[in-house]
$ cat input.tsv   # TSV, C-alpha atoms
chain	number	residue	atom	x	y	z
A	135	MET	CA	25.05	7.78	-15.41
A	136	ASP	CA	23.74	5.20	-12.95
A	137	SER	CA	26.28	2.41	-13.31
A	138	ALA	CA	24.44	0.19	-10.81
A	139	LEU	CA	21.28	0.41	-12.89
A	140	ILE	CA	23.19	-0.31	-16.10
A	141	SER	CA	24.83	-3.39	-14.54
A	142	ARG	CA	21.45	-4.58	-13.33
A	143	ILE	CA	19.84	-4.23	-16.76
A	144	ASP	CA	22.79	-6.00	-18.40
A	145	ALA	CA	22.58	-8.84	-15.88
A	146	LEU	CA	18.84	-9.15	-16.49
A	147	THR	CA	19.30	-9.18	-20.25
A	148	LYS	CA	21.90	-11.94	-20.02
A	149	ALA	CA	19.88	-14.07	-17.61
A	150	PHE	CA	16.72	-13.70	-19.67
A	151	GLN	CA	18.52	-14.47	-22.92
A	152	ASN	CA	19.88	-17.68	-21.37
A	153	GLY	CA	16.50	-18.65	-19.96
A	154	LYS	CA	17.77	-18.64	-16.34
A	155	PHE	CA	14.50	-17.88	-14.66
A	156	PHE	CA	15.65	-18.15	-11.05
A	157	GLU	CA	18.42	-15.69	-11.81
A	158	VAL	CA	15.85	-13.37	-13.41
A	159	LYS	CA	13.73	-13.67	-10.26
A	160	ARG	CA	16.73	-12.92	-8.04
A	161	ILE	CA	17.52	-9.80	-10.09
A	162	GLY	CA	13.92	-8.66	-9.54
A	163	LYS	CA	14.33	-9.05	-5.75
A	164	GLU	CA	17.61	-7.14	-5.70
A	165	SER	CA	16.10	-4.40	-7.84
A	166	ILE	CA	13.10	-3.78	-5.60
A	167	LYS	CA	15.43	-3.55	-2.60
A	168	ASP	CA	17.48	-0.93	-4.45
A	169	ALA	CA	14.28	0.85	-5.53
A	170	VAL	CA	13.24	1.17	-1.87
A	171	VAL	CA	16.58	2.41	-0.60
A	172	LYS	CA	17.19	4.75	-3.54
A	173	ASN	CA	13.54	5.78	-3.93
A	174	SER	CA	14.06	4.92	-7.60
A	175	GLN	CA	11.21	4.26	-10.00
A	176	ASP	CA	13.79	3.04	-12.55
A	177	PHE	CA	14.94	0.22	-10.28
A	178	ALA	CA	11.29	-0.50	-9.49
A	179	ALA	CA	10.53	-0.77	-13.22
A	180	ILE	CA	13.42	-3.24	-13.64
A	181	SER	CA	12.10	-5.28	-10.71
A	182	VAL	CA	8.59	-5.43	-12.24
A	183	ILE	CA	9.98	-6.35	-15.67
A	184	SER	CA	12.19	-9.02	-14.07
A	185	TYR	CA	9.28	-10.58	-12.22
A	186	SER	CA	7.14	-10.58	-15.39
A	187	LEU	CA	9.94	-12.22	-17.37
A	188	TYR	CA	10.48	-14.77	-14.60
A	189	LYS	CA	6.80	-15.70	-14.75
A	190	MET	CA	6.95	-16.02	-18.53
A	191	LEU	CA	10.15	-18.09	-18.48
A	192	SER	CA	8.63	-20.47	-15.95
A	193	LYS	CA	5.59	-21.25	-18.11
A	194	GLU	CA	5.83	-23.56	-21.10
A	195	LYS	CA	2.88	-21.94	-22.83
A	196	PHE	CA	5.24	-19.02	-23.37
A	197	THR	CA	8.61	-20.70	-23.86
A	198	LYS	CA	7.28	-23.49	-26.11
A	199	SER	CA	5.37	-21.08	-28.29
A	200	LYS	CA	6.60	-20.74	-31.89
A	201	ARG	CA	6.85	-17.02	-31.35
A	202	TRP	CA	9.08	-17.27	-28.28
A	203	PRO	CA	12.45	-16.78	-30.11
A	204	THR	CA	11.10	-13.61	-31.74
A	205	ILE	CA	9.62	-12.39	-28.47
A	206	THR	CA	12.94	-12.98	-26.70
A	207	LYS	CA	14.76	-11.09	-29.43
A	208	ILE	CA	12.45	-8.06	-29.15
A	209	ILE	CA	12.67	-7.90	-25.34
A	210	VAL	CA	16.44	-8.42	-25.29
A	211	ALA	CA	16.90	-5.69	-27.92
A	212	ALA	CA	14.75	-3.26	-25.92
A	213	LEU	CA	16.70	-3.99	-22.73
A	214	GLN	CA	20.04	-3.65	-24.49
A	215	LYS	CA	19.00	-0.34	-26.05
A	216	SER	CA	17.81	0.94	-22.66
A	217	SER	CA	21.21	0.11	-21.18
A	218	GLU	CA	23.01	1.82	-24.10
A	219	ALA	CA	20.80	4.87	-23.69
A	220	LEU	CA	21.70	5.08	-20.00
A	221	LYS	CA	25.40	4.90	-20.82
A	222	LYS	CA	24.88	7.89	-23.13
A	223	GLU	CA	22.76	9.57	-20.45
A	224	ASN	CA	19.89	9.69	-22.91
A	225	ILE	CA	17.04	9.41	-20.39
A	226	LYS	CA	14.29	9.79	-22.97
A	227	SER	CA	15.62	6.91	-25.04
A	228	PHE	CA	16.08	4.84	-21.87
A	229	GLU	CA	12.44	5.38	-20.92
A	230	THR	CA	11.21	4.65	-24.46
A	231	ASN	CA	13.06	1.35	-24.56
A	232	ILE	CA	11.87	0.30	-21.13
A	233	GLU	CA	8.37	1.09	-22.33
A	234	ASN	CA	8.98	-1.02	-25.45
A	235	ALA	CA	10.01	-3.98	-23.31
A	236	VAL	CA	6.90	-3.52	-21.16
A	237	ASN	CA	4.64	-3.27	-24.21
A	238	GLU	CA	6.06	-6.48	-25.64
A	239	ILE	CA	5.41	-8.27	-22.32
A	240	LYS	CA	1.81	-7.01	-22.37
A	241	ILE	CA	1.27	-8.07	-26.01
A	242	VAL	CA	2.69	-11.55	-25.38
A	243	ASP	CA	0.64	-11.92	-22.22
A	244	ASP	CA	-2.49	-10.92	-24.09
A	245	ASP	CA	-1.82	-13.25	-27.02
A	246	LEU	CA	-0.55	-16.34	-25.27
A	247	SER	CA	-2.45	-16.43	-21.97
A	248	ASN	CA	-5.60	-18.52	-22.08
A	249	TYR	CA	-7.45	-17.53	-18.96
A	250	VAL	CA	-5.31	-15.65	-16.50
A	251	LYS	CA	-3.83	-12.50	-17.97
A	252	ASN	CA	-2.18	-9.38	-16.63
A	253	ILE	CA	1.24	-10.77	-15.81
A	254	PHE	CA	2.62	-7.23	-15.78
A	255	GLU	CA	-0.08	-5.79	-13.49
A	256	LYS	CA	0.36	-8.71	-11.11
A	257	ALA	CA	4.12	-8.22	-11.17
A	258	LYS	CA	3.61	-4.59	-10.11
A	259	VAL	CA	1.51	-5.72	-7.13
A	260	LYS	CA	3.98	-8.47	-6.21
A	261	GLU	CA	6.97	-6.12	-6.23
A	262	ALA	CA	5.01	-3.40	-4.41
A	263	SER	CA	4.17	-5.91	-1.67
A	264	THR	CA	7.91	-6.59	-1.29
A	265	ALA	CA	8.50	-2.83	-0.96
A	266	TYR	CA	5.80	-2.78	1.75
A	267	ALA	CA	7.42	-5.73	3.51
A	268	LEU	CA	10.66	-3.73	3.44
A	269	GLY	CA	9.00	-0.90	5.37
A	270	LEU	CA	7.47	1.53	2.89
A	271	SER	CA	3.86	2.58	3.33
A	272	ILE	CA	1.20	1.20	1.00
A	273	GLY	CA	0.95	4.53	-0.84
A	274	GLN	CA	4.69	4.85	-1.31
A	275	SER	CA	5.00	1.21	-2.45
A	276	ALA	CA	2.20	1.73	-4.99
A	277	ASP	CA	3.72	5.01	-6.22
A	278	LEU	CA	7.12	3.43	-6.67
A	279	THR	CA	5.93	0.48	-8.75
A	280	GLY	CA	2.78	1.88	-10.35
A	281	ALA	CA	0.64	-0.80	-8.65
A	282	ASP	CA	-3.03	-0.15	-7.93
A	283	LYS	CA	-3.38	0.64	-4.24
A	284	ALA	CA	-6.59	-1.35	-3.68
A	285	GLU	CA	-5.16	-4.41	-5.43
A	286	LEU	CA	-1.96	-4.08	-3.45
A	287	GLN	CA	-3.80	-3.81	-0.14
A	288	LYS	CA	-5.86	-6.89	-0.95
A	289	TYR	CA	-2.74	-8.83	-1.93
A	290	ILE	CA	-0.98	-7.82	1.29
A	291	GLY	CA	-4.02	-8.97	3.26
A	292	PHE	CA	-3.48	-12.49	1.99
A	293	THR	CA	0.21	-12.57	2.91
A	294	ARG	CA	1.63	-13.11	6.40
A	295	ILE	CA	3.19	-9.63	6.54
A	296	HIS	CA	0.77	-8.36	9.18
A	297	ASP	CA	0.97	-11.54	11.24
A	298	GLU	CA	4.69	-11.00	11.73
A	299	GLN	CA	4.49	-7.43	13.05
A	300	VAL	CA	5.16	-6.41	16.62
A	301	ILE	CA	1.89	-5.73	18.42
A	302	SER	CA	2.41	-2.55	20.37
A	303	ARG	CA	-1.25	-1.98	21.24
A	304	SER	CA	-3.81	-4.76	21.03
A	305	LEU	CA	-7.23	-4.48	19.43
A	306	SER	CA	-8.81	-4.44	22.91
A	307	GLN	CA	-6.49	-1.65	24.08
A	308	ARG	CA	-7.14	0.48	21.01
A	309	LEU	CA	-10.89	-0.05	21.34
A	310	LYS	CA	-10.73	1.00	24.99
A	311	ASN	CA	-8.76	4.13	24.05
A	312	LEU	CA	-11.20	4.93	21.25
A	313	LYS	CA	-14.19	4.65	23.58
A	314	ALA	CA	-12.46	6.89	26.11
A	315	GLU	CA	-11.69	9.48	23.43
A	316	LEU	CA	-15.27	9.44	22.15
A	317	ALA	CA	-16.60	9.83	25.69
A	318	LYS	CA	-14.59	13.02	26.31
B	195	MET	CA	-19.16	16.00	17.26
B	196	LYS	CA	-15.91	13.97	17.21
B	197	LYS	CA	-13.93	14.07	14.01
B	198	ILE	CA	-12.28	10.96	12.63
B	199	VAL	CA	-9.96	11.46	9.68
B	200	VAL	CA	-10.15	8.44	7.38
B	201	ASP	CA	-7.14	7.32	5.36
B	202	SER	CA	-7.69	5.70	1.96
B	203	SER	CA	-6.43	2.34	3.28
B	204	SER	CA	-9.35	2.11	5.73
B	205	LEU	CA	-11.80	3.40	3.16
B	206	ILE	CA	-10.73	0.55	0.86
B	207	THR	CA	-11.23	-2.01	3.66
B	208	LEU	CA	-14.62	-0.72	4.78
B	209	SER	CA	-16.11	-0.14	1.33
B	210	SER	CA	-14.91	-3.43	-0.13
B	211	ASN	CA	-16.55	-5.27	2.77
B	212	CYS	CA	-19.84	-3.35	2.51
B	213	LEU	CA	-19.39	-1.73	5.91
B	214	LEU	CA	-20.26	1.83	4.93
B	215	LYS	CA	-23.75	1.47	6.45
B	216	THR	CA	-22.06	0.53	9.70
B	217	MET	CA	-20.20	3.85	9.51
B	218	LYS	CA	-23.57	5.56	9.14
B	219	GLY	CA	-24.74	3.87	12.34
B	220	LEU	CA	-21.59	4.95	14.15
B	221	LYS	CA	-21.95	8.50	12.90
B	222	GLU	CA	-25.43	8.71	14.41
B	223	LYS	CA	-24.91	6.74	17.62
B	224	GLU	CA	-21.46	8.01	18.54
B	225	ASN	CA	-21.84	11.49	17.06
B	226	ILE	CA	-18.86	11.01	14.78
B	227	SER	CA	-17.95	12.97	11.69
B	228	PHE	CA	-15.89	10.88	9.24
B	229	ILE	CA	-13.76	13.13	7.10
B	230	ILE	CA	-11.50	12.45	4.13
B	231	PRO	CA	-9.15	14.75	2.21
B	232	GLU	CA	-9.92	15.71	-1.37
B	233	SER	CA	-7.01	13.59	-2.66
B	234	VAL	CA	-8.47	10.46	-1.04
B	235	TYR	CA	-11.82	11.18	-2.71
B	236	LYS	CA	-10.10	11.56	-6.09
B	237	GLU	CA	-8.09	8.39	-5.56
B	238	SER	CA	-11.04	6.34	-4.28
B	239	VAL	CA	-13.81	7.68	-6.49
B	240	GLU	CA	-12.88	9.85	-9.45
B	241	THR	CA	-10.02	7.72	-10.80
B	242	PRO	CA	-11.55	4.23	-10.27
B	243	LEU	CA	-14.90	5.38	-11.74
B	244	LYS	CA	-13.17	5.23	-15.12
B	245	ILE	CA	-12.06	1.60	-14.65
B	246	LYS	CA	-14.75	-1.10	-14.91
B	247	ARG	CA	-12.99	-3.40	-12.44
B	248	PHE	CA	-13.04	-0.75	-9.71
B	249	GLU	CA	-16.17	1.18	-10.66
B	250	PHE	CA	-18.60	-0.49	-8.24
B	251	ASN	CA	-16.50	0.24	-5.16
B	252	ALA	CA	-16.05	3.84	-6.33
B	253	ILE	CA	-19.84	4.23	-6.64
B	254	LYS	CA	-20.28	2.85	-3.10
B	255	ILE	CA	-17.90	5.49	-1.72
B	256	ARG	CA	-19.49	8.26	-3.83
B	257	ASN	CA	-22.88	7.25	-2.42
B	258	ALA	CA	-21.51	7.40	1.11
B	259	VAL	CA	-20.33	10.95	0.42
B	260	ARG	CA	-23.66	11.94	-1.13
B	261	LYS	CA	-25.53	10.52	1.87
B	262	GLY	CA	-23.30	12.46	4.23
B	263	ILE	CA	-21.68	9.40	5.82
B	264	LEU	CA	-18.32	10.73	4.68
B	265	GLU	CA	-17.37	14.36	4.42
B	266	VAL	CA	-14.80	15.51	1.86
B	267	VAL	CA	-12.58	18.37	3.00
B	268	LYS	CA	-11.21	20.54	0.23
B	269	THR	CA	-7.46	21.04	0.07
B	270	THR	CA	-7.05	24.57	1.36
B	271	PRO	CA	-3.77	26.49	1.03
B	272	GLU	CA	-3.25	25.82	4.78
B	273	ILE	CA	-3.66	22.06	4.32
B	274	LYS	CA	-1.34	22.18	1.32
B	275	LYS	CA	1.25	24.09	3.33
B	276	THR	CA	1.08	21.59	6.22
B	277	MET	CA	1.20	18.71	3.75
B	278	ASN	CA	4.35	20.11	2.15
B	279	GLU	CA	5.93	20.62	5.58
B	280	LEU	CA	5.05	17.05	6.55
B	281	SER	CA	6.29	15.64	3.24
B	282	SER	CA	9.56	17.44	3.77
B	283	VAL	CA	9.87	16.13	7.34
B	284	THR	CA	9.00	12.54	6.41
B	285	ALA	CA	11.34	12.58	3.41
B	286	ASN	CA	14.23	13.43	5.75
B	287	LEU	CA	13.18	11.31	8.70
B	288	CYS	CA	15.56	8.42	8.37
B	289	SER	CA	18.32	6.95	6.28
B	290	ALA	CA	19.62	3.50	5.46
B	291	ASP	CA	23.41	3.39	5.25
B	292	GLY	CA	23.45	7.15	4.83
B	293	ARG	CA	20.82	7.22	2.11
B	294	LEU	CA	17.50	8.95	2.83
B	295	LEU	CA	14.47	6.66	2.88
B	296	THR	CA	11.10	7.98	1.69
B	297	LEU	CA	8.65	5.97	3.76
B	298	ILE	CA	5.27	7.60	3.06
B	299	ASN	CA	3.77	9.29	0.02
B	300	LYS	CA	2.00	12.60	-0.54
B	301	GLY	CA	-1.51	11.16	-0.18
B	302	GLU	CA	-0.69	9.83	3.26
B	303	ALA	CA	0.96	13.13	4.15
B	304	GLU	CA	-2.24	14.94	3.12
B	305	THR	CA	-4.33	12.73	5.41
B	306	LEU	CA	-1.96	13.60	8.26
B	307	ALA	CA	-2.09	17.28	7.33
B	308	LEU	CA	-5.87	17.13	7.56
B	309	MET	CA	-5.55	15.82	11.13
B	310	LYS	CA	-3.51	18.85	12.02
B	311	GLU	CA	-5.65	21.40	10.22
B	312	THR	CA	-9.03	20.13	11.43
B	313	GLY	CA	-7.87	19.50	14.98
B	314	ALA	CA	-9.12	15.91	14.74
B	315	ARG	CA	-7.81	13.62	17.47
B	316	ILE	CA	-8.63	10.25	15.92
B	317	LEU	CA	-7.02	8.83	12.80
B	318	LEU	CA	-8.50	5.78	11.09
B	319	ILE	CA	-5.74	4.09	9.13
B	320	ASP	CA	-5.22	0.43	8.14
B	321	GLU	CA	-1.80	1.06	6.66
B	322	ARG	CA	1.05	-0.11	8.90
B	323	THR	CA	4.02	2.18	8.27
B	324	THR	CA	2.29	5.54	8.79
B	325	ARG	CA	0.62	4.22	11.94
B	326	MET	CA	3.91	2.95	13.36
B	327	LEU	CA	5.63	6.23	12.54
B	328	ILE	CA	3.04	8.15	14.54
B	329	GLU	CA	2.92	5.77	17.49
B	330	GLU	CA	6.37	4.22	17.84
B	331	PRO	CA	9.06	5.49	15.48
B	332	GLN	CA	11.54	3.33	17.42
B	333	ASN	CA	9.67	0.23	16.24
B	334	VAL	CA	9.92	1.47	12.65
B	335	MET	CA	13.67	1.80	13.10
B	336	ASN	CA	14.00	-1.73	14.51
B	337	PHE	CA	11.79	-3.08	11.77
B	338	LEU	CA	13.78	-1.38	9.01
B	339	GLU	CA	17.10	-2.56	10.48
B	340	LYS	CA	15.86	-6.13	10.58
B	341	ARG	CA	14.47	-5.99	7.04
B	342	HIS	CA	17.31	-4.15	5.35
B	343	GLN	CA	20.11	-5.63	7.45
B	344	CYS	CA	21.90	-2.31	7.48
B	345	SER	CA	22.28	0.63	9.78
B	346	ILE	CA	19.17	2.81	10.04
B	347	THR	CA	19.50	6.31	11.41
B	348	PHE	CA	16.60	8.44	12.53
B	349	HIS	CA	17.33	12.16	12.29
B	350	LYS	CA	16.41	13.48	15.71
B	351	GLY	CA	15.42	16.98	14.65
B	352	GLN	CA	13.09	15.70	11.95
B	353	LEU	CA	11.70	13.04	14.26
B	354	ASP	CA	10.92	15.65	16.92
B	355	SER	CA	9.21	17.84	14.30
B	356	PHE	CA	7.14	14.84	13.21
B	357	LYS	CA	6.18	14.01	16.80
B	358	ASN	CA	5.15	17.62	17.38
B	359	PHE	CA	2.62	17.32	14.61
B	360	PHE	CA	0.85	14.46	16.33
B	361	ASN	CA	0.71	14.91	20.06
B	362	GLU	CA	-1.78	12.67	21.79
B	363	ILE	CA	-3.77	11.44	18.85
B	364	GLN	CA	-5.54	8.11	18.82
B	365	VAL	CA	-4.79	5.84	15.91
B	366	ILE	CA	-7.36	3.18	15.13
B	367	ARG	CA	-7.86	0.65	12.35
B	368	SER	CA	-10.98	-0.68	10.65
B	369	VAL	CA	-11.05	-3.58	13.11
B	370	GLU	CA	-11.48	-1.25	16.09
B	371	LEU	CA	-14.27	0.57	14.26
B	372	ILE	CA	-16.02	-2.74	13.55
B	373	ALA	CA	-15.59	-3.79	17.21
B	374	LEU	CA	-17.06	-0.47	18.35
B	375	ALA	CA	-19.98	-0.90	15.96
B	376	TYR	CA	-20.59	-4.36	17.37
B	377	ASP	CA	-20.69	-3.00	20.91
B	378	ASP	CA	-23.01	-0.06	20.21
B	379	GLY	CA	-25.34	-1.88	17.82
B	380	SER	CA	-24.33	-0.08	14.62
B	381	PHE	CA	-23.07	-3.39	13.27
B	382	GLU	CA	-26.68	-4.55	13.01
B	383	MET	CA	-27.34	-2.04	10.24
B	384	GLU	CA	-25.38	-4.40	8.02
B	385	MET	CA	-25.37	-7.77	9.73
B	386	GLU	CA	-26.91	-9.86	12.51
B	387	LYS	CA	-25.34	-9.40	15.92
B	388	SER	CA	-23.46	-12.61	16.55
B	389	LYS	CA	-19.92	-13.48	17.57
B	390	GLU	CA	-19.62	-15.46	14.37
B	391	ALA	CA	-20.50	-12.43	12.23
B	392	LEU	CA	-18.14	-10.19	14.21
B	393	GLU	CA	-15.22	-12.58	13.82
B	394	ALA	CA	-15.98	-12.94	10.10
B	395	ALA	CA	-16.06	-9.15	9.69
B	396	LEU	CA	-12.76	-8.71	11.55
B	397	PHE	CA	-11.08	-11.35	9.40
B	398	ALA	CA	-12.62	-9.83	6.26
B	399	ALA	CA	-10.95	-6.54	7.23
B	400	LYS	CA	-7.66	-8.35	7.80
B	401	TYR	CA	-7.84	-10.05	4.41
B	402	SER	CA	-8.61	-6.69	2.81
B	403	GLY	CA	-5.24	-5.47	4.04
B	404	CYS	CA	-5.95	-4.01	7.49
B	405	SER	CA	-2.72	-4.31	9.46
B	406	VAL	CA	-3.91	-6.63	12.16
B	407	SER	CA	-2.66	-10.11	12.97
B	408	ALA	CA	-4.82	-13.22	13.23
B	409	ASN	CA	-3.62	-13.67	16.83
B	410	GLU	CA	-4.82	-10.20	17.77
B	411	ILE	CA	-8.29	-10.97	16.41
B	412	MET	CA	-8.43	-14.34	18.14
B	413	GLU	CA	-7.32	-12.81	21.45
B	414	TYR	CA	-9.94	-10.12	21.13
B	415	MET	CA	-12.68	-12.61	20.29
B	416	LYS	CA	-12.03	-14.39	23.60
B	417	THR	CA	-13.14	-11.24	25.39
B	418	VAL	CA	-16.35	-10.72	23.41
B	419	LYS	CA	-19.59	-11.61	25.11
B	420	THR	CA	-22.53	-12.76	22.98
$ encode --input "input.tsv" --output "structure tokens"
Amino acid sequence: MDSALISRIDALTKAFQNGKFFEVKRIGKESIKDAVVKNSQDFAAISVISYSLYKMLSKEKFTKSKRWPTITKIIVAALQKSSEALKKENIKSFETNIENAVNEIKIVDDDLSNYVKNIFEKAKVKEASTAYALGLSIGQSADLTGADKAELQKYIGFTRIHDEQVISRSLSQRLKNLKAELAK
Amino acid sequence: MKKIVVDSSSLITLSSNCLLKTMKGLKEKENISFIIPESVYKESVETPLKIKRFEFNAIKIRNAVRKGILEVVKTTPEIKKTMNELSSVTANLCSADGRLLTLINKGEAETLALMKETGARILLIDERTTRMLIEEPQNVMNFLEKRHQCSITFHKGQLDSFKNFFNEIQVIRSVELIALAYDDGSFEMEMEKSKEALEAALFAAKYSGCSVSANEIMEYMKTVKT
């Protein structure tokens, strides 16, 4: 039984139920950090769900919708059941309920978004980019979160991650070395 | 003929910026053979061919393979063995507060295994972590400590095994390949030869995820003659 994961899911459920979107966002950040250190796809899934829920909570088109109370109920129930399943060490039920929460997010996104959809796919890329910023490779970050590698790479390209890195060998130096190697 | 093993990160950068023709020019002028592992082909062509959003890029890469610009190397039992050895080494390379960190995935390990098995001495990779691991593992350690704000330990035995895999190899990124193409004229197969076009191509690579900083590009551009 992963008590840290259970606590995280419970905290997320409570924050989401109370509409505390910054708290939901914070839980997402903590979860991706844990996912990186523990190489845990479960923590990564919680981080992606958290980020999706944060995005939904921060948009009135979702929260002011007539369906929002029902949507909240369904997602909360799925999260609660996933936590209960973990306590009973029922991994299959845990996975099914996480999947139920994800499916509900996708349905809501599809129904209530006017132009820009794919909150869940974007959340995967966002959390994967955090994993990359924390030191994982692009492939490992994509594997952990389920993000598409090409989308992730493009997203990273628009961040400042690569501008902050230590330059050990400059472009000119590498080009010089390449030419020397090719001339051998 | 010089072999350059191409990682999927660079393939994504070059194909999404329509620079595969430039690779053709480089292949002919510099006598280079660009090779990719089977897993990279599957990841870059076979899987995205089934998704409308990614289909066009997949077709571009498939065409490059059909035209012989890129060569796909089948995963032999030897490559698989090396890949497994490398995966095992990289999975035990370092730990954060006593917990093992898995920094690279199997696809990246297969690209590295291909380097070893083909005897290639040049690796084309836009991805930062794998490149840093090969070139300066100490920098990876410092980076991880700063990011995770905890104690990072590199396991010396594993690190030495990793270093032994990659003695004296040259690691380049898409930007160096573009710069080389500009110098030898291969760039003109795709674009006019002008400083403006070169700078635009280098920044396009950066914005496609190549791990290069804007400062590096600007510094390099100061040295380019028209």
$ residues_around --input "input.tsv" --residues "range 219-228 of chain B" --least-positions-apart "3" --cutoff "10 Å" --atoms "all atoms listed in the file" --output "PDB file with C-alpha atoms, in the coordinates of the input"
ATOM      1  CA  LYS A 313     -14.190   4.650  23.580  1.00  0.00           C
ATOM      2  CA  LEU A 316     -15.270   9.440  22.150  1.00  0.00           C
ATOM      3  CA  ALA A 317     -16.600   9.830  25.690  1.00  0.00           C
TER       4      ALA A 317
ATOM      5  CA  MET B 195     -19.160  16.000  17.260  1.00  0.00           C
ATOM      6  CA  LYS B 196     -15.910  13.970  17.210  1.00  0.00           C
ATOM      7  CA  LYS B 197     -13.930  14.070  14.010  1.00  0.00           C
ATOM      8  CA  ILE B 198     -12.280  10.960  12.630  1.00  0.00           C
ATOM      9  CA  VAL B 199      -9.960  11.460   9.680  1.00  0.00           C
ATOM     10  CA  VAL B 200     -10.150   8.440   7.380  1.00  0.00           C
ATOM     11  CA  LEU B 214     -20.260   1.830   4.930  1.00  0.00           C
ATOM     12  CA  LYS B 215     -23.750   1.470   6.450  1.00  0.00           C
ATOM     13  CA  THR B 216     -22.060   0.530   9.700  1.00  0.00           C
ATOM     14  CA  VAL B 259     -20.330  10.950   0.420  1.00  0.00           C
ATOM     15  CA  GLY B 262     -23.300  12.460   4.230  1.00  0.00           C
ATOM     16  CA  ILE B 263     -21.680   9.400   5.820  1.00  0.00           C
ATOM     17  CA  LEU B 264     -18.320  10.730   4.680  1.00  0.00           C
ATOM     18  CA  GLU B 265     -17.370  14.360   4.420  1.00  0.00           C
ATOM     19  CA  VAL B 266     -14.800  15.510   1.860  1.00  0.00           C
ATOM     20  CA  ALA B 314      -9.120  15.910  14.740  1.00  0.00           C
ATOM     21  CA  ILE B 316      -8.630  10.250  15.920  1.00  0.00           C
ATOM     22  CA  LEU B 317      -7.020   8.830  12.800  1.00  0.00           C
ATOM     23  CA  LEU B 318      -8.500   5.780  11.090  1.00  0.00           C
ATOM     24  CA  LEU B 371     -14.270   0.570  14.260  1.00  0.00           C
ATOM     25  CA  ILE B 372     -16.020  -2.740  13.550  1.00  0.00           C
ATOM     26  CA  LEU B 374     -17.060  -0.470  18.350  1.00  0.00           C
ATOM     27  CA  ALA B 375     -19.980  -0.900  15.960  1.00  0.00           C
ATOM     28  CA  TYR B 376     -20.590  -4.360  17.370  1.00  0.00           C
ATOM     29  CA  ASP B 378     -23.010  -0.060  20.210  1.00  0.00           C
ATOM     30  CA  GLY B 379     -25.340  -1.880  17.820  1.00  0.00           C
ATOM     31  CA  SER B 380     -24.330  -0.080  14.620  1.00  0.00           C
ATOM     32  CA  PHE B 381     -23.070  -3.390  13.270  1.00  0.00           C
ATOM     33  CA  GLU B 382     -26.680  -4.550  13.010  1.00  0.00           C
ATOM     34  CA  MET B 383     -27.340  -2.040  10.240  1.00  0.00           C
ATOM     35  CA  GLU B 384     -25.380  -4.400   8.020  1.00  0.00           C
TER      36      GLU B 384
END
$ closest_atom_pairs --input "input.tsv" --of "chain A" --to "chain B" --cutoff "6 Å" --atoms "all atoms listed in the file" --output "Markdown table"
| residue | atom | partner | partner_atom | distance |
| --- | --- | --- | --- | --- |
| A:Val171 | CA | B:Leu295 | CA | 5.9 |
| A:Leu268 | CA | B:Arg341 | CA | 5.7 |
| A:Leu270 | CA | B:Leu297 | CA | 4.7 |
| A:Ser271 | CA | B:Thr323 | CA | 5.0 |
| A:Gly273 | CA | B:Asn299 | CA | 5.6 |
| A:Gln274 | CA | B:Asn299 | CA | 4.7 |
| A:Gln287 | CA | B:Gly403 | CA | 4.7 |
| A:Lys288 | CA | B:Ser402 | CA | 4.7 |
| A:Ile290 | CA | B:Gly403 | CA | 5.6 |
| A:Gly291 | CA | B:Gly403 | CA | 3.8 |
| A:Phe292 | CA | B:Tyr401 | CA | 5.6 |
| A:His296 | CA | B:Ser405 | CA | 5.4 |
| A:Asp297 | CA | B:Ser407 | CA | 4.3 |
| A:Leu309 | CA | B:Glu370 | CA | 5.4 |
$ write_last_selection --input "input.tsv" --atoms "C-alpha atoms" --output "PDB file, in the coordinates of the input"
ATOM      1  CA  VAL A 171      16.580   2.410  -0.600  1.00  0.00           C
ATOM      2  CA  LEU A 268      10.660  -3.730   3.440  1.00  0.00           C
ATOM      3  CA  LEU A 270       7.470   1.530   2.890  1.00  0.00           C
ATOM      4  CA  SER A 271       3.860   2.580   3.330  1.00  0.00           C
ATOM      5  CA  GLY A 273       0.950   4.530  -0.840  1.00  0.00           C
ATOM      6  CA  GLN A 274       4.690   4.850  -1.310  1.00  0.00           C
ATOM      7  CA  GLN A 287      -3.800  -3.810  -0.140  1.00  0.00           C
ATOM      8  CA  LYS A 288      -5.860  -6.890  -0.950  1.00  0.00           C
ATOM      9  CA  ILE A 290      -0.980  -7.820   1.290  1.00  0.00           C
ATOM     10  CA  GLY A 291      -4.020  -8.970   3.260  1.00  0.00           C
ATOM     11  CA  PHE A 292      -3.480 -12.490   1.990  1.00  0.00           C
ATOM     12  CA  HIS A 296       0.770  -8.360   9.180  1.00  0.00           C
ATOM     13  CA  ASP A 297       0.970 -11.540  11.240  1.00  0.00           C
ATOM     14  CA  LEU A 309     -10.890  -0.050  21.340  1.00  0.00           C
TER      15      LEU A 309
END
$ atom_distance --input "input.tsv" --atom1 "CA of Lys260 in chain A" --atom2 "CA of Val182 in chain A"
8.2 Å
$ atom_distance --input "input.tsv" --atom1 "CA of Ser281 in chain B" --atom2 "CA of Ser209 in chain B"
27.5 Å
$ closest_residue --input "input.tsv" --among "A:Asp277, A:Glu233, A:Glu285, A:Glu315" --to "Glu255 in chain A" --atoms "only C-alpha atoms"
A:Glu285
$ closest_residue --input "input.tsv" --among "A:Arg303, A:Lys172, A:Lys207, A:Arg201" --to "Lys148 in chain A" --atoms "all atoms listed in the file"
A:Lys207
$ residues_near_point --input "input.tsv" --point "(-1.2, -1.4, -8.6)" --cutoff "7 Å" --atoms "only C-alpha atoms" --output "short mmCIF file (atom, residue, chain, number, x, y, z; two decimals) with C-alpha atoms, in the frame of the given file"
data_model
loop_
_atom_site.label_atom_id
_atom_site.label_comp_id
_atom_site.auth_asym_id
_atom_site.auth_seq_id
_atom_site.Cartn_x
_atom_site.Cartn_y
_atom_site.Cartn_z
CA GLU A 255 -0.08 -5.79 -13.49
CA LYS A 258 3.61 -4.59 -10.11
CA VAL A 259 1.51 -5.72 -7.13
CA ALA A 276 2.20 1.73 -4.99
CA GLY A 280 2.78 1.88 -10.35
CA ALA A 281 0.64 -0.80 -8.65
CA ASP A 282 -3.03 -0.15 -7.93
CA LYS A 283 -3.38 0.64 -4.24
CA GLU A 285 -5.16 -4.41 -5.43
CA LEU A 286 -1.96 -4.08 -3.45
#
